[in-house]
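Participant: Enclosed is the structure file coords.txt (compact mmCIF, C-alpha atoms).
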# COMPACT_ATOMS: atom_id res chain seq x y z
CA MET A 82 -52.57 -31.55 39.65
CA TRP A 83 -52.27 -34.73 41.71
CA ASP A 84 -55.13 -37.19 41.05
CA VAL A 85 -56.19 -38.56 44.45
CA GLU A 86 -58.79 -40.95 43.07
CA PHE A 87 -56.20 -42.59 40.83
CA THR A 88 -53.77 -42.83 43.76
CA ARG A 89 -56.32 -44.97 45.61
CA ILE A 90 -56.39 -47.41 42.70
CA LEU A 91 -52.62 -47.33 42.34
CA ILE A 92 -51.48 -48.06 45.87
CA PRO A 93 -52.89 -51.61 46.35
CA ALA A 94 -51.67 -52.57 42.86
CA LEU A 95 -48.20 -51.21 43.57
CA LEU A 96 -48.07 -53.11 46.84
CA SER A 97 -48.69 -56.38 45.00
CA GLY A 98 -45.90 -55.33 42.62
CA LEU A 99 -43.65 -54.62 45.59
CA TRP A 100 -44.30 -58.15 46.84
CA VAL A 101 -43.03 -59.60 43.55
CA THR A 102 -40.04 -57.22 43.68
CA LEU A 103 -39.17 -58.41 47.17
CA GLN A 104 -39.46 -62.08 46.19
CA ALA A 105 -37.10 -61.53 43.26
CA THR A 106 -34.65 -59.67 45.49
CA VAL A 107 -34.62 -62.19 48.35
CA PHE A 108 -34.27 -65.32 46.21
CA GLY A 109 -31.89 -63.69 43.74
CA TYR A 110 -29.71 -62.48 46.60
CA ALA A 111 -29.69 -65.89 48.29
CA LEU A 112 -28.47 -67.40 45.01
CA ALA A 113 -25.82 -64.67 44.63
CA LEU A 114 -24.53 -65.29 48.15
CA VAL A 115 -24.14 -69.06 47.69
CA LEU A 116 -22.87 -69.00 44.10
CA GLY A 117 -20.51 -66.09 44.80
CA LEU A 118 -18.89 -67.99 47.65
CA ALA A 119 -18.49 -71.08 45.47
CA ILE A 120 -16.88 -68.96 42.72
CA ALA A 121 -14.54 -67.25 45.18
CA ILE A 122 -13.29 -70.64 46.39
CA VAL A 123 -13.01 -72.21 42.91
CA ARG A 124 -11.02 -69.18 41.71
CA ARG A 125 -8.16 -70.30 43.94
CA VAL A 126 -7.79 -73.51 41.92
CA PRO A 127 -5.18 -73.08 39.11
CA VAL A 128 -6.39 -73.14 35.44
CA VAL A 129 -10.05 -73.76 36.34
CA GLY A 130 -9.88 -70.60 38.42
CA SER A 131 -8.62 -68.50 35.51
CA ALA A 132 -11.36 -69.83 33.24
CA VAL A 133 -13.97 -68.97 35.88
CA PHE A 134 -12.44 -65.51 36.18
CA VAL A 135 -12.82 -64.79 32.45
CA VAL A 136 -16.47 -65.86 32.47
CA MET A 137 -17.10 -63.78 35.57
CA GLU A 138 -15.45 -60.74 34.02
CA PHE A 139 -17.69 -61.11 30.99
CA VAL A 140 -20.83 -61.41 33.08
CA ARG A 141 -19.82 -58.40 35.14
CA THR A 142 -18.98 -55.99 32.31
CA THR A 143 -22.09 -56.63 30.21
CA PRO A 144 -25.55 -55.21 30.97
CA LEU A 145 -27.92 -57.15 33.19
CA LEU A 146 -30.81 -56.11 30.98
CA VAL A 147 -29.29 -57.79 27.91
CA GLN A 148 -28.51 -60.91 29.94
CA LEU A 149 -32.13 -61.05 31.13
CA VAL A 150 -33.60 -60.66 27.67
CA PHE A 151 -31.04 -63.09 26.25
CA ILE A 152 -31.82 -65.92 28.66
CA PHE A 153 -35.53 -65.16 28.55
CA SER A 154 -35.55 -65.44 24.75
CA LEU A 155 -33.43 -68.60 24.79
CA SER A 156 -35.81 -70.24 27.21
CA GLY A 157 -38.44 -69.49 24.52
CA LEU A 158 -41.27 -71.94 24.69
CA SER A 159 -40.24 -73.69 27.88
CA GLN A 160 -42.72 -73.40 30.71
CA VAL A 161 -40.39 -71.70 33.18
CA SER A 162 -42.02 -68.60 34.67
CA PRO A 163 -40.37 -65.25 33.89
CA LEU A 164 -39.96 -64.59 37.61
CA VAL A 165 -37.82 -67.72 38.02
CA ILE A 166 -35.67 -66.74 35.03
CA GLY A 167 -35.34 -63.27 36.50
CA ILE A 168 -34.25 -64.65 39.86
CA VAL A 169 -31.64 -66.93 38.28
CA VAL A 170 -30.16 -64.22 36.03
CA LEU A 171 -30.11 -61.67 38.86
CA GLY A 172 -28.45 -64.22 41.12
CA VAL A 173 -25.78 -65.20 38.58
CA HIS A 174 -25.06 -61.58 37.63
CA TYR A 175 -24.63 -60.50 41.22
CA SER A 176 -22.61 -63.59 42.12
CA ALA A 177 -19.87 -62.06 39.92
CA TYR A 178 -19.86 -59.12 42.35
CA THR A 179 -20.23 -61.05 45.59
CA ALA A 180 -17.42 -63.40 44.51
CA GLU A 181 -15.07 -60.39 44.41
CA VAL A 182 -16.26 -59.31 47.85
CA TYR A 183 -15.67 -62.78 49.30
CA ARG A 184 -12.28 -62.90 47.60
CA SER A 185 -11.18 -59.66 49.25
CA GLY A 186 -12.35 -61.07 52.58
CA ILE A 187 -10.49 -64.35 52.08
CA GLU A 188 -7.31 -62.53 51.07
CA GLY A 189 -7.64 -60.42 54.19
CA VAL A 190 -7.30 -63.48 56.45
CA ALA A 191 -3.82 -63.43 57.99
CA LYS A 192 -1.25 -65.82 56.54
CA GLY A 193 -0.53 -67.21 60.00
CA GLN A 194 -4.05 -68.58 60.16
CA TRP A 195 -3.42 -70.74 57.07
CA GLU A 196 -0.09 -71.86 58.45
CA ALA A 197 -1.65 -72.79 61.78
CA CYS A 198 -4.23 -74.92 59.94
CA ARG A 199 -1.43 -76.71 58.13
CA ALA A 200 0.54 -77.19 61.33
CA LEU A 201 -2.52 -78.80 62.91
CA SER A 202 -3.08 -80.74 59.64
CA LEU A 203 -6.74 -79.82 59.60
CA PRO A 204 -8.79 -81.35 56.77
CA THR A 205 -9.70 -78.90 53.97
CA TYR A 206 -13.35 -78.58 54.95
CA ARG A 207 -12.34 -77.60 58.49
CA VAL A 208 -9.77 -75.10 57.22
CA TRP A 209 -12.48 -73.31 55.27
CA GLY A 210 -15.44 -73.98 57.52
CA ALA A 211 -13.87 -73.37 60.92
CA VAL A 212 -11.01 -70.96 60.30
CA VAL A 213 -10.99 -68.99 57.04
CA LEU A 214 -14.63 -68.31 56.21
CA PRO A 215 -15.83 -67.22 59.67
CA GLN A 216 -13.12 -64.53 59.68
CA ALA A 217 -13.46 -63.60 56.01
CA ILE A 218 -17.26 -63.31 55.93
CA ARG A 219 -17.52 -61.25 59.10
CA LYS A 220 -15.40 -58.52 57.52
CA VAL A 221 -17.37 -58.34 54.28
CA ILE A 222 -20.90 -58.26 55.69
CA PRO A 223 -21.39 -54.51 55.01
CA ALA A 224 -20.07 -54.83 51.45
CA LEU A 225 -22.42 -57.74 50.83
CA GLY A 226 -25.27 -55.66 52.25
CA ASN A 227 -24.60 -52.94 49.70
CA TYR A 228 -25.21 -55.44 46.93
CA LEU A 229 -28.56 -56.38 48.46
CA ILE A 230 -29.68 -52.76 48.03
CA ALA A 231 -28.11 -52.59 44.56
CA MET A 232 -30.00 -55.72 43.53
CA PHE A 233 -33.26 -54.37 44.89
CA LYS A 234 -32.76 -51.33 42.69
CA ASP A 235 -32.09 -53.51 39.64
CA THR A 236 -35.37 -55.44 39.92
CA PRO A 237 -37.30 -52.94 37.73
CA LEU A 238 -35.32 -54.45 34.83
CA LEU A 239 -37.53 -57.53 35.20
CA PHE A 240 -40.15 -55.33 33.53
CA ALA A 241 -38.42 -56.19 30.25
CA ILE A 242 -39.21 -59.91 30.65
CA SER A 243 -42.83 -59.28 31.70
CA VAL A 244 -42.52 -59.98 35.40
CA PRO A 245 -45.35 -58.08 37.16
CA GLU A 246 -43.13 -56.09 39.53
CA MET A 247 -43.83 -52.49 40.61
CA LEU A 248 -42.73 -50.70 37.47
CA SER A 249 -44.73 -53.01 35.18
CA VAL A 250 -47.82 -52.49 37.33
CA ALA A 251 -47.35 -48.71 37.28
CA ASN A 252 -46.78 -48.74 33.54
CA GLY A 253 -49.92 -50.83 32.96
CA LEU A 254 -52.18 -48.67 35.13
CA GLY A 255 -50.57 -45.45 33.92
CA GLY A 256 -51.38 -46.42 30.35
CA GLN A 257 -54.92 -47.49 31.23
CA TYR A 258 -55.80 -44.18 32.96
CA PHE A 259 -53.34 -42.08 30.98
CA ARG A 260 -51.80 -40.72 34.18
CA PHE A 261 -48.08 -41.54 34.09
CA PHE A 262 -47.10 -38.72 36.44
CA GLU A 263 -48.69 -40.22 39.57
CA ALA A 264 -47.81 -43.79 38.60
CA PHE A 265 -44.07 -43.33 38.18
CA THR A 266 -43.73 -40.78 40.97
CA LEU A 267 -45.25 -43.26 43.43
CA VAL A 268 -42.89 -46.00 42.26
CA GLY A 269 -40.00 -43.63 42.92
CA VAL A 270 -41.34 -42.89 46.40
CA ALA A 271 -41.77 -46.61 47.09
CA PHE A 272 -38.12 -47.20 46.20
CA LEU A 273 -37.02 -44.44 48.53
CA VAL A 274 -39.18 -45.80 51.35
CA VAL A 275 -37.38 -49.14 51.10
CA SER A 276 -33.83 -48.15 50.16
CA VAL A 277 -33.17 -45.16 52.43
CA PRO A 278 -33.84 -47.09 55.67
CA SER A 279 -31.84 -50.05 54.36
CA ALA A 280 -28.90 -47.74 53.65
CA VAL A 281 -29.08 -46.61 57.26
CA ILE A 282 -29.04 -50.24 58.44
CA ILE A 283 -25.98 -50.98 56.29
CA ARG A 284 -24.16 -48.02 57.80
CA ARG A 285 -24.87 -49.45 61.27
CA LEU A 286 -23.54 -52.85 60.14
CA GLU A 287 -20.43 -51.14 58.84
CA ARG A 288 -19.76 -49.59 62.20
CA ARG A 289 -20.31 -52.89 63.93
CA TYR A 290 -18.31 -55.29 61.73
CA ALA A 291 -15.86 -53.42 59.52
CA ALA A 292 -14.06 -51.84 62.49
CA VAL A 293 -12.99 -55.27 63.80
CA MET B 285 -20.45 -65.19 12.28
CA ASP B 286 -21.59 -64.59 8.69
CA PHE B 287 -24.54 -62.78 10.12
CA PHE B 288 -22.34 -60.43 12.08
CA VAL B 289 -20.05 -59.74 9.11
CA GLN B 290 -23.09 -58.69 7.04
CA ARG B 291 -24.91 -56.71 9.67
CA TYR B 292 -22.13 -55.13 11.66
CA PRO B 293 -22.84 -51.51 10.54
CA LEU B 294 -26.15 -51.57 12.42
CA TYR B 295 -24.46 -52.96 15.51
CA LEU B 296 -21.86 -50.22 15.30
CA GLU B 297 -24.58 -47.57 15.02
CA GLY B 298 -26.18 -48.97 18.15
CA ALA B 299 -22.83 -49.09 19.90
CA TRP B 300 -22.27 -45.45 18.98
CA VAL B 301 -25.55 -44.47 20.69
CA THR B 302 -24.45 -46.48 23.73
CA ILE B 303 -21.10 -44.67 23.78
CA GLN B 304 -22.76 -41.24 23.42
CA LEU B 305 -25.09 -42.03 26.32
CA THR B 306 -22.16 -43.21 28.42
CA LEU B 307 -20.09 -40.10 27.74
CA GLY B 308 -23.04 -37.71 28.13
CA GLY B 309 -24.22 -39.36 31.34
CA ALA B 310 -20.69 -39.45 32.71
CA ALA B 311 -20.15 -35.75 31.94
CA LEU B 312 -23.37 -34.71 33.70
CA ALA B 313 -22.67 -37.06 36.60
CA PHE B 314 -19.13 -35.72 36.94
CA VAL B 315 -20.26 -32.09 37.22
CA LEU B 316 -23.02 -33.01 39.68
CA ALA B 317 -20.70 -35.21 41.72
CA MET B 318 -18.03 -32.51 41.97
CA VAL B 319 -20.47 -29.74 42.95
CA VAL B 320 -22.63 -31.78 45.32
CA GLY B 321 -19.68 -33.70 46.75
CA THR B 322 -17.89 -30.43 47.56
CA LEU B 323 -21.07 -29.02 49.14
CA GLY B 324 -21.09 -32.05 51.39
CA THR B 325 -17.68 -31.14 52.81
CA LEU B 326 -18.59 -27.55 53.77
CA GLN B 327 -19.26 -26.29 57.29
CA ASN B 328 -22.53 -24.68 56.21
CA ARG B 329 -25.46 -26.79 57.41
CA PHE B 330 -27.74 -25.83 54.55
CA ALA B 331 -25.15 -26.83 51.93
CA ARG B 332 -24.67 -30.20 53.60
CA ALA B 333 -28.44 -30.77 53.79
CA VAL B 334 -28.77 -30.10 50.05
CA ALA B 335 -25.99 -32.61 49.36
CA THR B 336 -27.53 -35.30 51.57
CA VAL B 337 -31.01 -34.92 50.08
CA TYR B 338 -29.66 -35.09 46.53
CA THR B 339 -27.55 -38.21 47.14
CA GLU B 340 -30.16 -40.10 49.13
CA VAL B 341 -32.98 -39.36 46.67
CA PHE B 342 -31.16 -40.11 43.44
CA ARG B 343 -29.24 -43.05 44.80
CA GLY B 344 -32.38 -44.52 46.32
CA ILE B 345 -34.47 -44.54 43.14
CA ALA B 346 -33.70 -47.18 40.53
CA ALA B 347 -32.21 -45.83 37.28
CA LEU B 348 -35.00 -47.35 35.18
CA VAL B 349 -37.66 -45.72 37.37
CA LEU B 350 -35.88 -42.37 36.97
CA LEU B 351 -35.74 -42.90 33.23
CA PHE B 352 -39.49 -43.58 33.06
CA TRP B 353 -40.03 -40.50 35.16
CA THR B 354 -38.00 -38.16 32.94
CA THR B 355 -39.46 -39.70 29.78
CA TYR B 356 -43.15 -40.04 30.68
CA SER B 357 -43.94 -38.17 33.91
CA LEU B 358 -41.95 -35.00 33.34
CA PRO B 359 -43.81 -34.12 30.10
CA GLN B 360 -47.12 -34.52 31.94
CA LEU B 361 -45.89 -32.28 34.74
CA THR B 362 -44.36 -29.51 32.64
CA GLY B 363 -46.16 -29.84 29.33
CA TYR B 364 -42.86 -30.04 27.45
CA GLU B 365 -41.52 -33.20 25.94
CA LEU B 366 -37.79 -33.75 26.25
CA ASP B 367 -35.69 -35.13 23.47
CA PRO B 368 -35.48 -38.87 24.33
CA MET B 369 -31.69 -38.81 24.20
CA PHE B 370 -31.61 -35.86 26.60
CA ALA B 371 -34.17 -37.45 28.95
CA ALA B 372 -32.00 -40.57 29.07
CA ILE B 373 -28.79 -38.67 29.76
CA LEU B 374 -30.59 -36.67 32.44
CA ALA B 375 -31.84 -39.80 34.23
CA LEU B 376 -28.51 -41.64 33.97
CA GLY B 377 -26.50 -38.58 34.99
CA LEU B 378 -28.68 -37.75 37.99
CA ASN B 379 -28.47 -41.34 39.20
CA LEU B 380 -24.72 -41.78 38.77
CA GLY B 381 -24.01 -38.28 40.04
CA ALA B 382 -25.47 -39.27 43.41
CA TYR B 383 -23.05 -42.20 43.70
CA GLY B 384 -20.20 -40.01 42.49
CA ALA B 385 -20.95 -37.25 45.01
CA GLU B 386 -20.39 -39.68 47.86
CA VAL B 387 -17.01 -40.63 46.39
CA VAL B 388 -15.99 -36.99 45.98
CA ARG B 389 -17.07 -36.15 49.53
CA ALA B 390 -15.21 -39.12 51.01
CA SER B 391 -12.05 -38.44 48.96
CA ILE B 392 -11.91 -34.77 49.93
CA ASN B 393 -12.37 -35.70 53.58
CA ALA B 394 -9.61 -38.30 53.25
CA VAL B 395 -6.97 -35.67 52.37
CA PRO B 396 -4.72 -35.51 55.46
CA ARG B 397 -5.81 -32.86 57.96
CA ALA B 398 -2.27 -31.39 58.11
CA GLN B 399 -2.47 -30.46 54.41
CA VAL B 400 -5.53 -28.34 55.06
CA GLU B 401 -3.99 -26.81 58.16
CA ALA B 402 -0.88 -25.87 56.17
CA THR B 403 -3.01 -23.97 53.64
CA ILE B 404 -4.73 -22.11 56.46
CA ALA B 405 -1.31 -21.22 57.93
CA LEU B 406 -0.30 -19.89 54.52
CA ASN B 407 -3.47 -17.79 54.44
CA MET B 408 -4.70 -19.33 51.20
CA THR B 409 -8.24 -18.63 50.11
CA TRP B 410 -10.70 -21.55 50.09
CA TRP B 411 -10.62 -21.58 46.30
CA ARG B 412 -6.83 -21.74 46.07
CA ARG B 413 -6.67 -24.39 48.77
CA MET B 414 -9.08 -26.62 46.85
CA ARG B 415 -7.47 -26.07 43.46
CA LEU B 416 -3.82 -26.37 44.42
CA VAL B 417 -3.74 -28.69 47.43
CA VAL B 418 -6.90 -30.63 48.18
CA LEU B 419 -8.33 -31.55 44.80
CA PRO B 420 -5.13 -32.92 43.17
CA GLN B 421 -4.77 -35.34 46.08
CA ALA B 422 -8.46 -36.19 46.26
CA TRP B 423 -8.54 -36.71 42.48
CA ALA B 424 -6.02 -39.56 42.59
CA GLN B 425 -8.14 -41.17 45.26
CA MET B 426 -11.42 -40.77 43.36
CA LEU B 427 -10.31 -42.11 40.00
CA PRO B 428 -10.38 -45.87 40.66
CA THR B 429 -13.95 -45.69 41.97
CA PHE B 430 -14.99 -43.37 39.14
CA GLY B 431 -13.66 -46.00 36.75
CA ASN B 432 -15.89 -48.66 38.25
CA GLN B 433 -18.84 -46.30 38.14
CA VAL B 434 -18.36 -45.47 34.47
CA ILE B 435 -18.55 -49.21 33.71
CA GLU B 436 -21.75 -49.39 35.75
CA LEU B 437 -23.10 -46.44 33.76
CA MET B 438 -22.18 -48.06 30.46
CA LYS B 439 -24.09 -51.17 31.49
CA ALA B 440 -27.02 -49.10 32.74
CA THR B 441 -27.41 -47.38 29.34
CA ALA B 442 -28.99 -50.63 28.10
CA ILE B 443 -32.22 -49.54 29.81
CA VAL B 444 -32.82 -46.85 27.19
CA SER B 445 -33.87 -49.63 24.81
CA ILE B 446 -37.04 -49.94 26.90
CA VAL B 447 -38.10 -46.35 26.19
CA GLY B 448 -37.39 -46.68 22.48
CA LEU B 449 -33.87 -45.39 21.84
CA THR B 450 -31.93 -47.46 19.31
CA ASP B 451 -28.87 -48.44 21.32
CA LEU B 452 -26.87 -51.65 21.09
CA THR B 453 -29.49 -53.59 23.05
CA LYS B 454 -32.33 -52.37 20.85
CA VAL B 455 -30.41 -53.33 17.70
CA ALA B 456 -30.05 -56.88 19.02
CA GLN B 457 -33.71 -57.03 20.01
CA ASP B 458 -34.81 -55.78 16.59
CA PHE B 459 -32.70 -58.41 14.85
CA ARG B 460 -34.28 -61.05 17.03
CA ALA B 461 -37.79 -59.75 16.36
CA SER B 462 -37.17 -59.85 12.61
CA ALA B 463 -35.64 -63.33 12.94
CA ALA B 464 -32.51 -62.17 11.12
CA ALA B 465 -30.47 -64.79 12.96
CA ASP B 466 -30.90 -67.14 15.89
CA THR B 467 -31.40 -65.70 19.35
CA PHE B 468 -28.03 -66.79 20.61
CA THR B 469 -26.06 -65.03 17.86
CA VAL B 470 -27.87 -61.69 17.95
CA PHE B 471 -27.52 -61.27 21.70
CA PHE B 472 -24.07 -62.74 22.04
CA ALA B 473 -22.75 -60.28 19.44
CA ALA B 474 -24.19 -57.40 21.48
CA LEU B 475 -22.71 -58.75 24.72
CA VAL B 476 -19.27 -59.04 23.14
CA LEU B 477 -19.46 -55.42 21.95
CA TYR B 478 -20.44 -54.27 25.43
CA PHE B 479 -17.53 -56.24 26.83
CA LEU B 480 -15.12 -54.57 24.39
CA ILE B 481 -16.41 -51.07 25.20
CA ALA B 482 -15.92 -51.83 28.90
CA GLN B 483 -12.33 -52.95 28.34
CA VAL B 484 -11.52 -49.72 26.46
CA LEU B 485 -13.04 -47.65 29.28
CA ILE B 486 -11.02 -49.56 31.89
CA LEU B 487 -7.82 -48.86 29.94
CA LEU B 488 -8.62 -45.13 29.64
CA VAL B 489 -9.23 -44.81 33.37
CA ARG B 490 -5.93 -46.57 34.13
CA ILE B 491 -4.10 -44.03 31.97
CA LEU B 492 -5.79 -41.19 33.86
CA GLU B 493 -4.85 -42.83 37.16
CA ARG B 494 -1.19 -43.00 36.17
CA ARG B 495 -1.20 -39.34 35.19
CA ALA B 496 -2.86 -38.29 38.44
CA ASN B 497 -0.34 -40.25 40.50
CA ARG B 498 2.60 -38.93 38.52
CA ARG B 499 1.49 -35.36 39.17
CA LEU B 500 1.66 -36.13 42.88
CA GLY B 501 5.15 -37.54 42.46
CA ARG B 502 4.00 -41.10 42.98
CA VAL B 503 5.54 -42.71 39.93
CA PRO B 504 4.10 -46.17 39.34
CA GLU B 505 6.66 -48.96 39.25
CA GLY B 506 7.37 -51.05 36.17
CA GLY B 507 6.73 -48.34 33.58
CA GLY B 508 5.80 -48.70 29.95
CA LEU B 509 2.36 -48.85 28.43
CA LEU B 510 2.24 -52.62 28.76
CA ALA B 511 1.99 -52.22 32.50
CA LEU B 512 -1.49 -50.81 31.89
CA LEU B 513 -2.71 -54.20 30.76
CA ARG B 514 -1.83 -55.76 34.07
CA PRO B 515 -4.41 -55.14 36.75
CA PRO B 516 -2.91 -52.94 39.50
CA SER B 517 -2.91 -54.28 43.02
CA ILE B 518 -5.21 -51.53 44.18
CA GLY B 519 -7.08 -49.60 41.58
CA THR B 520 -9.48 -50.03 38.76
CA THR B 521 -11.21 -53.34 38.63
CA THR B 522 -14.55 -53.74 36.99
CA GLY B 523 -17.58 -53.58 39.22
CA GLY B 524 -16.77 -52.70 42.77
CA ALA B 525 -18.67 -50.86 45.42
CA ARG B 526 -21.82 -49.11 44.42
How does the structure come out when it is put into structure tokens?

Facilitator:
Amino acid sequence: MWDVEFTRILIPALLSGLWVTLQATVFGYALALVLGLAIAIVRRVPVVGSAVFVVMEFVRTTPLLVQLVFIFSLSGLSQVSPLVIGIVVLGVHYSAYTAEVYRSGIEGVAKGQWEACRALSLPTYRVWGAVVLPQAIRKVIPALGNYLIAMFKDTPLLFAISVPEMLSVANGLGGQYFRFFEAFTLVGVAFLVVSVPSAVIIRRLERRYAAV
Amino acid sequence: MDFFVQRYPLYLEGAWVTIQLTLGGAALAFVLAMVVGTLGTLQNRFARAVATVYTEVFRGIAALVLLFWTTYSLPQLTGYELDPMFAAILALGLNLGAYGAEVVRASINAVPRAQVEATIALNMTWWRRMRLVVLPQAWAQMLPTFGNQVIELMKATAIVSIVGLTDLTKVAQDFRASAAADTFTVFFAALVLYFLIAQVLILLVRILERRANRRLGRVPEGGGLLALLRPPSIGTTTGGAR
């Protein structure tokens, strides 16, 4: 039933796919973390904040896959590699989520902290940098971690814009040898091998930070 | 705009497939989530192990990978080919059901301990306790998260375009391939339709939430249907924890 010979060919190829998957996840997530924080802060500005909110809502309620294909097609003949486009779209899509997480953290900072900053007439960058964000971010670390796993599990969508991640590799080899069963089963196993331990780590983080 | 006015029937057909997938996947996920989530709250070790394995496996594997597996691997394993629509609903439902089961388990466990103790004092059977006391309270707690998850499911249905089902995404891609209009228009039209479907789903879940809270005697302030359009302080927002 299970083709061992084919498995030997599959595994090294899938590992190279996993490498691409990890690159997309790490860079996409870094972008989502930075951009999300910027959005969360800008949302507190009147008018501009509401406009940002509407755009964010739109990005968040429409499928990532369509966004990927959309931007990929628009970029058309430009020389940007599909992986870079994938990273940018993943990052922007998830920044709509991380922004909400940051916002909940910022709103959770006690009012007295803001008042104390004002009483000390701290400059804005110190208010955010030294008082609000250190408290806000600490509380939302587990929630942010969940989105890292979620993003990792969304990387197979990059298949649609021809990025050679795991699923594309499995699909290519599966078609070549006409053995889709082993190919896709192994991809599933690879996902479990990465995401189950990371879920355990997030649970530890939750116990450590969220209880504060 | 002219393009959309001429071609909207095809978009609507695609949107209908998307809606069917969303409802079908949500129905399967709901049943799975309720059964597996309840198993996770039992004393029985075996029942809890089944629940944990199901949630970890189907939450851990990406939806698209599951979809490829039910569409291409399963036929090779069993020798039977599934109807593509059914294979898609199966993959989406199994995936979302795993997220939902966690919500059900957590909500049932969040019902105050004294409520359960009262049912034991009244000598209620397990079945009556769940139906009359625990589930109505847990239900109100689950709904906001279920709402977020249904939006996630609706977005996830776009992946079926990769295995050849003609949903909203596929319609847009086909228009682009045939150069019926410029890239921006074909995809933007699809995105707007997705956005509208999401808004309708959010509204429906808010109505359900109000009903669930009213049954528990928690009447929401500032009545009237218009209140539904305002986002509640705690409750359904799009996205949210996965």

Participant: Could you give me, as an MDAnalysis selection string, the residues within 12 Å of Gln433 of chain B, counting only C-alpha atoms and dropping anything in the same chain fewer than 5 positions from it?

Facilitator: (chainID A and resid 142) or (chainID B and resid 306 309:310 313:314 317 376:377 379:387 426:428 438:440 482 485:486 489 520:526)

Participant: Tell me as a PyMOL selection string which residues belonging to chain A come within 7 Å of chain B, counting only C-alpha atoms.

Facilitator: chain A and resi 139+141-144+146-147+151+154-155+178+234-235+237+261-262+265-266+269+272-273+276-277

Participant: Convert the current residue selection to file output with C-alpha atoms, as an mmCIF file, in the frame of the given file.

Facilitator:
data_model
loop_
_atom_site.group_PDB
_atom_site.id
_atom_site.type_symbol
_atom_site.label_atom_id
_atom_site.label_comp_id
_atom_site.auth_asym_id
_atom_site.auth_seq_id
_atom_site.Cartn_x
_atom_site.Cartn_y
_atom_site.Cartn_z
ATOM 1 C CA PHE A 139 -17.690 -61.110 30.990
ATOM 2 C CA ARG A 141 -19.820 -58.400 35.140
ATOM 3 C CA THR A 142 -18.980 -55.990 32.310
ATOM 4 C CA THR A 143 -22.090 -56.630 30.210
ATOM 5 C CA PRO A 144 -25.550 -55.210 30.970
ATOM 6 C CA LEU A 146 -30.810 -56.110 30.980
ATOM 7 C CA VAL A 147 -29.290 -57.790 27.910
ATOM 8 C CA PHE A 151 -31.040 -63.090 26.250
ATOM 9 C CA SER A 154 -35.550 -65.440 24.750
ATOM 10 C CA LEU A 155 -33.430 -68.600 24.790
ATOM 11 C CA TYR A 178 -19.860 -59.120 42.350
ATOM 12 C CA LYS A 234 -32.760 -51.330 42.690
ATOM 13 C CA ASP A 235 -32.090 -53.510 39.640
ATOM 14 C CA PRO A 237 -37.300 -52.940 37.730
ATOM 15 C CA PHE A 261 -48.080 -41.540 34.090
ATOM 16 C CA PHE A 262 -47.100 -38.720 36.440
ATOM 17 C CA PHE A 265 -44.070 -43.330 38.180
ATOM 18 C CA THR A 266 -43.730 -40.780 40.970
ATOM 19 C CA GLY A 269 -40.000 -43.630 42.920
ATOM 20 C CA PHE A 272 -38.120 -47.200 46.200
ATOM 21 C CA LEU A 273 -37.020 -44.440 48.530
ATOM 22 C CA SER A 276 -33.830 -48.150 50.160
ATOM 23 C CA VAL A 277 -33.170 -45.160 52.430
#

Participant: Give the answer as one residue: which of A:Val170, A:Ala105, A:Ala280, A:Ala180 has the shortest atom-to-atom distance to Leu118 of chain A, using only C-alpha atoms?

Facilitator: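 Selected residue with least distance to Leu118 of chain A: A:Ala180.
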
Participant: Could you state the separation of atom CA of Val212 of chain A and atom CA of Gly172 of chain A in Å, given to one decimal place?

Facilitator: 26.8 Å

Participant: How would you write as a list in words the residues that get within 10 Å of (-27.5, -55.4, 49.2) in the file's frame, counting only C-alpha atoms?

Facilitator: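 Checking each residue against the 10 Å limit leaves Thr106, Val107, Tyr110, Tyr175, Thr179, Ile222, Pro223, Ala224, Leu225, Gly226, Asn227, Tyr228, Leu229, Ile230, Ala231, Met232, Phe233, Lys234, Ser276, Ser279, Ala280 and Ile283 of chain A; Arg526 of chain B.
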
Participant: Assuming 4 Å of padding per side, give the centre and edge lengths of the axis-aligned box around every listed atom of segment 460-466 of chain B, in Å to one decimal and as JSON.

Facilitator:
{"center_x": -34.1, "center_y": -63.4, "center_z": 14.1, "size_x": 15.3, "size_y": 15.4, "size_z": 13.9}

Participant: Of the candidates A:Ile218, A:Ala200, A:Ile187, A:Val270, which shows the shortest atom-to-atom distance to Tyr290 of chain A, using all atoms listed in the file?

Facilitator: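 Closest to Tyr290 of chain A, using all atoms listed in the file: A:Ile218.
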
Participant: Taking 4 positions as the minimum chain separation for residues in the same chain, which residues sit within 9 Å of segment 120-126 of chain A when counting only C-alpha atoms? Answer as a short mmCIF file (atom, residue, chain, number, x, y, z; two decimals) with C-alpha atoms, keeping the file's coordinate frame.

Facilitator:
data_model
loop_
_atom_site.label_atom_id
_atom_site.label_comp_id
_atom_site.auth_asym_id
_atom_site.auth_seq_id
_atom_site.Cartn_x
_atom_site.Cartn_y
_atom_site.Cartn_z
CA VAL A 115 -24.14 -69.06 47.69
CA LEU A 116 -22.87 -69.00 44.10
CA GLY A 130 -9.88 -70.60 38.42
CA SER A 131 -8.62 -68.50 35.51
CA ALA A 132 -11.36 -69.83 33.24
CA VAL A 133 -13.97 -68.97 35.88
CA PHE A 134 -12.44 -65.51 36.18
CA MET A 137 -17.10 -63.78 35.57
CA SER A 176 -22.61 -63.59 42.12
CA ALA A 177 -19.87 -62.06 39.92
CA THR A 179 -20.23 -61.05 45.59
CA ALA A 180 -17.42 -63.40 44.51
CA GLU A 181 -15.07 -60.39 44.41
CA VAL A 182 -16.26 -59.31 47.85
CA TYR A 183 -15.67 -62.78 49.30
CA ARG A 184 -12.28 -62.90 47.60
CA ILE A 187 -10.49 -64.35 52.08
#
